[in-house]
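Visitor: Okay, handing you the structure first.
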Amino acid sequence: MKYSIEKVTTLIGARRYGNAEAQVSWLLTDSRSLCFPEETLFFALKTQRNDGHRYIQDLYNRGVRQFVVEVVPDNYETLYPEANFLRVPHTLAALQRLAERHRDEFDLPIVGITGSNGKTMVKEWLYQLLLPSQRIVRSPRSYNSQIGVPLSVWLLNEQTEVGIFEAGISQPGEMMALRDIIQPTIGVLTTLGAAHQENFRSMEEKCMEKLELMHDTEAMVYCSDNDIVSRCIRRMSYKGEKISWSTCDNQASLFVKEVKPLTSSPSHSLTSQITYIWQDEENCYTIPFIDEASIENSITCATVALRLGLTPADLADRMPRLEPVAMRLEVKEGQRGCILINDSYNSDINSLDIALDFMNRRVENTSQTSNLKPQIKKTLVLSDIFQTGTSPDVLYAQVSDLATKRGISKFIGIGPELTAQADKIQIADKQFFADVKHFLSSDAFASLRDEMILLKGARPFGFDLITEQLEQKVHETILEVNLNAVVENLNYYRSFMKPETKMVCMIKADAYGAGAVEIAKTLQDHRVDYLAVAVADEGVTLRKAGITANIMIMNPEMTAFKTMFDYDLEPEVYSFRLLDALIKAARKEGITGWPVHIKLDTGMHRLGFDPEQDIDELIDRLTHQQAVIPRSVFSHFVGSDSDDFDNFSRLQFKRFEIGSQKLQDAFSHKILRHMDNSAGIEHFPDRQMDMCRLGLGLYGVDPRDNRILNTVSTLKTTILQMRHVPKSETVGYSRKGKLDRDSVIAAIPIGYADGLNRHLGNRHCYCLVNGQKAEYVGNICMDVALIDVTDIPCKEGDQVEIFGEHLPVTVLSDVLDTIPYEVLTGISNRVKRVYFQD
């Protein structure tokens, strides 16, 4: 739908500056995601650390003409003669109000989903269940925030028959705004868990906040087996229909009579059969999953779907075809120099735009870096798009516009409809195929080389076959890296910091094992001020990957000075010997004013200048040369992670304050001062000074108490083989794996050469198989470990979690009597890294 700028002005109650006529169809809150400037309305949002008003000039230069602002730029008539500025008191409130007014235009079923866990899964499975018979608009991925919800609701259009939207909150008072935007007719509460609990006084308070979404709904769906949920619902003054499901209470609206695991032959795939009673009739359905979360989510979906008019027969037919929800964009290394972005779990116009935007941000932009290969080609492999309600010629013209604006240089279409609409794709290098099989056997597939390839296909087309053929075949053990979690952890620590305080992110040791290049791209995208690595070679790797952010070298080697100059890397300086050598090397290269970072030793006694004994001589040497210039001065807390060392931390900080201030007084330019590390950011917010250094906390472990924040790295492998072993036998080298019963032993392709410590063997620790604990039996070998799966429903090929989302890395580090750093950085480079974004 399109709105005139006059209509938008009225809907959000703005004062308009400028009189250009315009139509608006795209809303933009992030300047990096611009695609269609001529129809875009930019909301200059203000956050604690950023201000969208800074990007008005850039966006105007790129073609945007419509802006919602809190402050109209000075001389706007001269600087922006073609623009309209809509001034409002609060731009976020205006965004939400516009989406709310847009929602008012539609009288149709809207499902609003909230809860701690399972929101996205329930949304996607509802979409799969309803899609065969209805046209649906749903939240793209996890767009469930104060910004994401209005952007999602804006996607409603004239063809929509059902809307499905998530609503996520992190603190009290947030749900009311989301409720008014979504205006759900059916509210759904998924599981209630510990997420964001730190911002609520109790689980009851959080539950009541989530239930705000249901306030004006015609019906609400929830599990009555949760005592807190049931108690909170009784406290509500709710007039709608309460639709409960339960495995215990046969008076519930949907009573789950039995959940039974099944094994289907000959594939031996594991399924679950759910027998339920709805409106006094007993029926059942099966799902191709056995884990508890999937079973609960399927029951929630069944209850909602029945309320929306699906029949038990529909459920019985569609539930077995539910697909796992790949709620993420995966970045994988491909063959022949290709990089794969795998988003083949669905295909619709809204998620295509998000995937193309993600692709643009991952492209190795090397135009600013010398001696590097040309910018990589961008290729889109797309299947037919189902159930849009838009005519094919209009739909694929939109696809063409999106792909062209996002810089796609090669287009490969798969499916009969795309083939029939080939003329609508205005990209010169384009080819079309009836199905995946024909594409895989074509010259077009064989010629893919040195390209970044986005795979975007609806599930029926089987794009997983393309991934299997293109993916670099390596170890079956992988380290999954959640880029969203990196950002969430970054923002968690930023929440303790003043808006003006800068951030250094430590990505040494290959980003604590997560892979420095992709982590650096994500951090650069989120505007961190500095990246820090250990040695110059790590910095060179980043520069060759197109990273343009400031890079600090924490352990510079004297043999690498020329490399640092060539690749714009800024060394730490901690001794007079290093300083003199660096000055000499810079003079030899004719360099002046090279930025360096001065380290003071305030108590660690590892590296650094003494802030009392060395500071005068240090100042003298720095002020009598022009080759280098101090950009920052810093020190390191010995024990910011423990209250026991607070007195010593206070002493350290005092030493640093005196020494760093003396250094600053000797120079006219600003020298950044920083001492807080991850633990210090949280423990000593009053000592953040000009900049903070974020290390372990960025990767999801709070060093103050080893609490898991947002899991970044998940180490996974698969079951290679299973065998029955009688209790009279032993398992593994040196007969260390003794059995006390007849057992089922599984072999997994991970060993100490991959980073799985041998001390975890002999039942000292465990991994997870289908969510259940499986102990390591016997000695861990170089390439293989053996686990006990006697009581676990599983089969060869099933996934095994070594550590990650469900098994915190701190479980392993505690068993090993070490720190999480050692476990994370110990993952071998032969373990394949797979990056994804929700």
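Naming works like this for the structure tokens: A, B, ... for the chains as they're shown, residue 1 at the start of each chain, ligands 1 onward in shown order.
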Name the residues of region 731-806 of chain A that fall into helix (DSSP H, G or I) according to DSSP on the backbone, using the chain letters and numbers of this document, as a PyMOL selection string.

Guide: chain A and resi 733-735+752-754+758-760

Visitor: Based on the selection just made, write N, CA, C and O atoms of those residues as a PDB file, in the first residue's frame.

Guide:
ATOM      1  N   TYR A 733      40.476 -46.801  24.113  1.00  0.00           N
ATOM      2  CA  TYR A 733      41.874 -47.097  24.416  1.00  0.00           C
ATOM      3  C   TYR A 733      42.085 -47.487  25.878  1.00  0.00           C
ATOM      4  O   TYR A 733      41.424 -46.968  26.786  1.00  0.00           O
ATOM      5  N   SER A 734      43.031 -48.387  26.070  1.00  0.00           N
ATOM      6  CA  SER A 734      43.485 -48.812  27.407  1.00  0.00           C
ATOM      7  C   SER A 734      42.354 -49.393  28.242  1.00  0.00           C
ATOM      8  O   SER A 734      42.465 -49.470  29.460  1.00  0.00           O
ATOM      9  N   ARG A 735      41.240 -49.762  27.580  1.00  0.00           N
ATOM     10  CA  ARG A 735      40.093 -50.387  28.252  1.00  0.00           C
ATOM     11  C   ARG A 735      39.598 -49.523  29.423  1.00  0.00           C
ATOM     12  O   ARG A 735      39.124 -50.046  30.444  1.00  0.00           O
ATOM     13  N   TYR A 752      40.418 -34.754  20.580  1.00  0.00           N
ATOM     14  CA  TYR A 752      41.229 -33.696  21.183  1.00  0.00           C
ATOM     15  C   TYR A 752      41.920 -32.844  20.124  1.00  0.00           C
ATOM     16  O   TYR A 752      42.301 -31.714  20.384  1.00  0.00           O
ATOM     17  N   ALA A 753      42.074 -33.353  18.892  1.00  0.00           N
ATOM     18  CA  ALA A 753      42.632 -32.530  17.817  1.00  0.00           C
ATOM     19  C   ALA A 753      41.657 -31.442  17.374  1.00  0.00           C
ATOM     20  O   ALA A 753      42.054 -30.473  16.727  1.00  0.00           O
ATOM     21  N   ASP A 754      40.395 -31.593  17.719  1.00  0.00           N
ATOM     22  CA  ASP A 754      39.381 -30.576  17.416  1.00  0.00           C
ATOM     23  C   ASP A 754      39.185 -29.602  18.566  1.00  0.00           C
ATOM     24  O   ASP A 754      38.477 -28.602  18.419  1.00  0.00           O
ATOM     25  N   ARG A 758      40.840 -34.106  26.530  1.00  0.00           N
ATOM     26  CA  ARG A 758      40.831 -35.521  26.952  1.00  0.00           C
ATOM     27  C   ARG A 758      40.329 -35.700  28.379  1.00  0.00           C
ATOM     28  O   ARG A 758      39.803 -36.754  28.732  1.00  0.00           O
ATOM     29  N   HIS A 759      40.477 -34.675  29.213  1.00  0.00           N
ATOM     30  CA  HIS A 759      40.056 -34.805  30.604  1.00  0.00           C
ATOM     31  C   HIS A 759      38.539 -34.847  30.770  1.00  0.00           C
ATOM     32  O   HIS A 759      38.041 -35.080  31.865  1.00  0.00           O
ATOM     33  N   LEU A 760      37.807 -34.608  29.687  1.00  0.00           N
ATOM     34  CA  LEU A 760      36.351 -34.721  29.748  1.00  0.00           C
ATOM     35  C   LEU A 760      35.894 -36.170  29.621  1.00  0.00           C
ATOM     36  O   LEU A 760      34.723 -36.475  29.883  1.00  0.00           O
TER      37      LEU A 760
END

Visitor: Skipping near chain neighbours, those fewer than 4 positions away, what residues fall within 8 Å of Gly751 (chain A) using only C-alpha atoms, listed as a PDB file with N, CA and C atoms, in the first residue's frame?

Guide:
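Okay, part32.pdb is ready:
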ATOM      1  N   GLY A 755      39.765 -29.925  19.727  1.00  0.00           N
ATOM      2  CA  GLY A 755      39.601 -29.061  20.881  1.00  0.00           C
ATOM      3  C   GLY A 755      38.761 -29.664  21.988  1.00  0.00           C
ATOM      4  N   LEU A 756      38.374 -30.950  21.857  1.00  0.00           N
ATOM      5  CA  LEU A 756      37.620 -31.625  22.919  1.00  0.00           C
ATOM      6  C   LEU A 756      38.628 -32.218  23.900  1.00  0.00           C
ATOM      7  N   ASN A 757      38.775 -31.592  25.037  1.00  0.00           N
ATOM      8  CA  ASN A 757      39.821 -31.941  25.993  1.00  0.00           C
ATOM      9  C   ASN A 757      39.694 -33.383  26.480  1.00  0.00           C
ATOM     10  N   ARG A 758      40.840 -34.106  26.530  1.00  0.00           N
ATOM     11  CA  ARG A 758      40.831 -35.521  26.952  1.00  0.00           C
ATOM     12  C   ARG A 758      40.329 -35.700  28.379  1.00  0.00           C
ATOM     13  N   ILE A 780      38.986 -40.015  25.325  1.00  0.00           N
ATOM     14  CA  ILE A 780      38.716 -39.271  24.098  1.00  0.00           C
ATOM     15  C   ILE A 780      39.914 -39.418  23.176  1.00  0.00           C
ATOM     16  N   CYS A 781      39.669 -39.810  21.931  1.00  0.00           N
ATOM     17  CA  CYS A 781      40.738 -40.042  20.966  1.00  0.00           C
ATOM     18  C   CYS A 781      41.059 -38.752  20.214  1.00  0.00           C
ATOM     19  N   MET A 782      42.034 -38.834  19.299  1.00  0.00           N
ATOM     20  CA  MET A 782      42.435 -37.649  18.549  1.00  0.00           C
ATOM     21  C   MET A 782      41.296 -37.117  17.683  1.00  0.00           C
ATOM     22  N   ASP A 783      40.555 -38.023  17.029  1.00  0.00           N
ATOM     23  CA  ASP A 783      39.541 -37.601  16.069  1.00  0.00           C
ATOM     24  C   ASP A 783      38.138 -38.093  16.397  1.00  0.00           C
ATOM     25  N   VAL A 784      37.989 -38.943  17.394  1.00  0.00           N
ATOM     26  CA  VAL A 784      36.706 -39.572  17.699  1.00  0.00           C
ATOM     27  C   VAL A 784      36.514 -39.628  19.208  1.00  0.00           C
ATOM     28  N   ALA A 785      35.268 -39.454  19.632  1.00  0.00           N
ATOM     29  CA  ALA A 785      34.899 -39.685  21.030  1.00  0.00           C
ATOM     30  C   ALA A 785      33.735 -40.661  21.047  1.00  0.00           C
TER      31      ALA A 785
END

Visitor: Grab the CA of Gln431 (chain A) to CA of Phe411 (chain A) distance for me, in Å with one decimal place.

Guide: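 Distance reported for this atom pair: 6.5 Å.
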
Visitor: Give me the residues near region 313-317 of chain A as number ranges by chain, where near means some atom within 7 Å (using only C-alpha atoms) and where sequence neighbours in that chain fewer than 4 positions away do not count.

Guide: A: 284-286

Visitor: Taking only C-alpha atoms into account, name the residue in A:Thr40, A:Asn84, A:Ser145, A:Ser391 that is nearest to Gln159 (chain A).

Guide: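 Once distances to Gln159 (chain A) are computed over only C-alpha atoms, the minimum belongs to A:Ser391.
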
Visitor: Give me the residues within 8 Å of Cys505 (chain A) as a list in words, counting only C-alpha atoms and dropping any in the same chain fewer than 5 places off.

Guide: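 My reading of the contact set: Leu523, Val528, Tyr530, Leu531, Ala532, Arg693, Leu694, Gly695 and Leu698 of chain A.
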
Visitor: Expressed in Å to a single decimal, how great is the separation between CA of Asp180 (chain A) and CA of Arg235 (chain A)?

Guide: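 Spanning CA of Asp180 (chain A) to CA of Arg235 (chain A) is a straight-line distance of 21.3 Å.
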
Visitor: Would you pick out the contacts of Leu812 (chain A) at 12 Å or less, using only C-alpha atoms, so that residues sharing its chain but fewer than 5 positions from it are not included, and give the list as a list in words?

Guide: Asn706, Leu715, Gly755, Leu756, Asn757, Arg758, His759, Leu760, Gly761, His764, Cys765, Tyr766, Cys767, Ile802, Phe803, Gly804, Leu807, Asp817, Thr818, Ile819, Pro820, Tyr821, Glu822, Val823 and Leu824 of chain A

Visitor: Residues of region 177-316 of chain A in strand (DSSP E) according to DSSP, as number ranges by chain?

Guide: A: 186-189, 219-223, 241-246, 254-264, 269-278, 281-287

Visitor: Would you mind listing what lies within 8 Å of region 414-420 of chain A as a list in words, with only C-alpha atoms counted and same-chain residues fewer than 3 positions away left out?

Guide: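 Answer for this query is Val381, Leu382, Ser383, Asp384, Pro392, Tyr396, Phe432, Phe433, Ala434, Asp435, Val436, Phe439 and Phe461 of chain A.
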
Visitor: Using only C-alpha atoms, please write the residues we just selected to a file, as a PDB file, in the first residue's frame.

Guide:
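Output (result_35.pdb):
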ATOM      1  CA  VAL A 381      19.354 -18.202  -6.682  1.00  0.00           C
ATOM      2  CA  LEU A 382      15.592 -17.888  -6.158  1.00  0.00           C
ATOM      3  CA  SER A 383      12.646 -20.267  -6.390  1.00  0.00           C
ATOM      4  CA  ASP A 384       9.026 -19.522  -7.248  1.00  0.00           C
ATOM      5  CA  PRO A 392       3.012 -13.055 -11.109  1.00  0.00           C
ATOM      6  CA  TYR A 396       8.475 -10.739 -10.235  1.00  0.00           C
ATOM      7  CA  PHE A 432      16.035 -20.157 -15.511  1.00  0.00           C
ATOM      8  CA  PHE A 433      15.399 -23.820 -14.711  1.00  0.00           C
ATOM      9  CA  ALA A 434      12.307 -25.902 -14.135  1.00  0.00           C
ATOM     10  CA  ASP A 435      13.679 -27.453 -10.940  1.00  0.00           C
ATOM     11  CA  VAL A 436      16.801 -27.944  -8.825  1.00  0.00           C
ATOM     12  CA  PHE A 439      20.040 -26.535 -12.415  1.00  0.00           C
ATOM     13  CA  PHE A 461      12.019 -26.979  -4.250  1.00  0.00           C
TER      14      PHE A 461
END

Visitor: Name all residues at most 6 Å from region 485-499 of chain A (count only C-alpha atoms; drop same-chain ones fewer than 4 positions away) and give them as a VMD selection string.

Guide: chain A and resid 48 to 49 698 710 712

Visitor: Using Å and a single decimal, report how far CA of Leu672 (chain A) sits from CA of Asp537 (chain A).

Guide: 25.0 Å
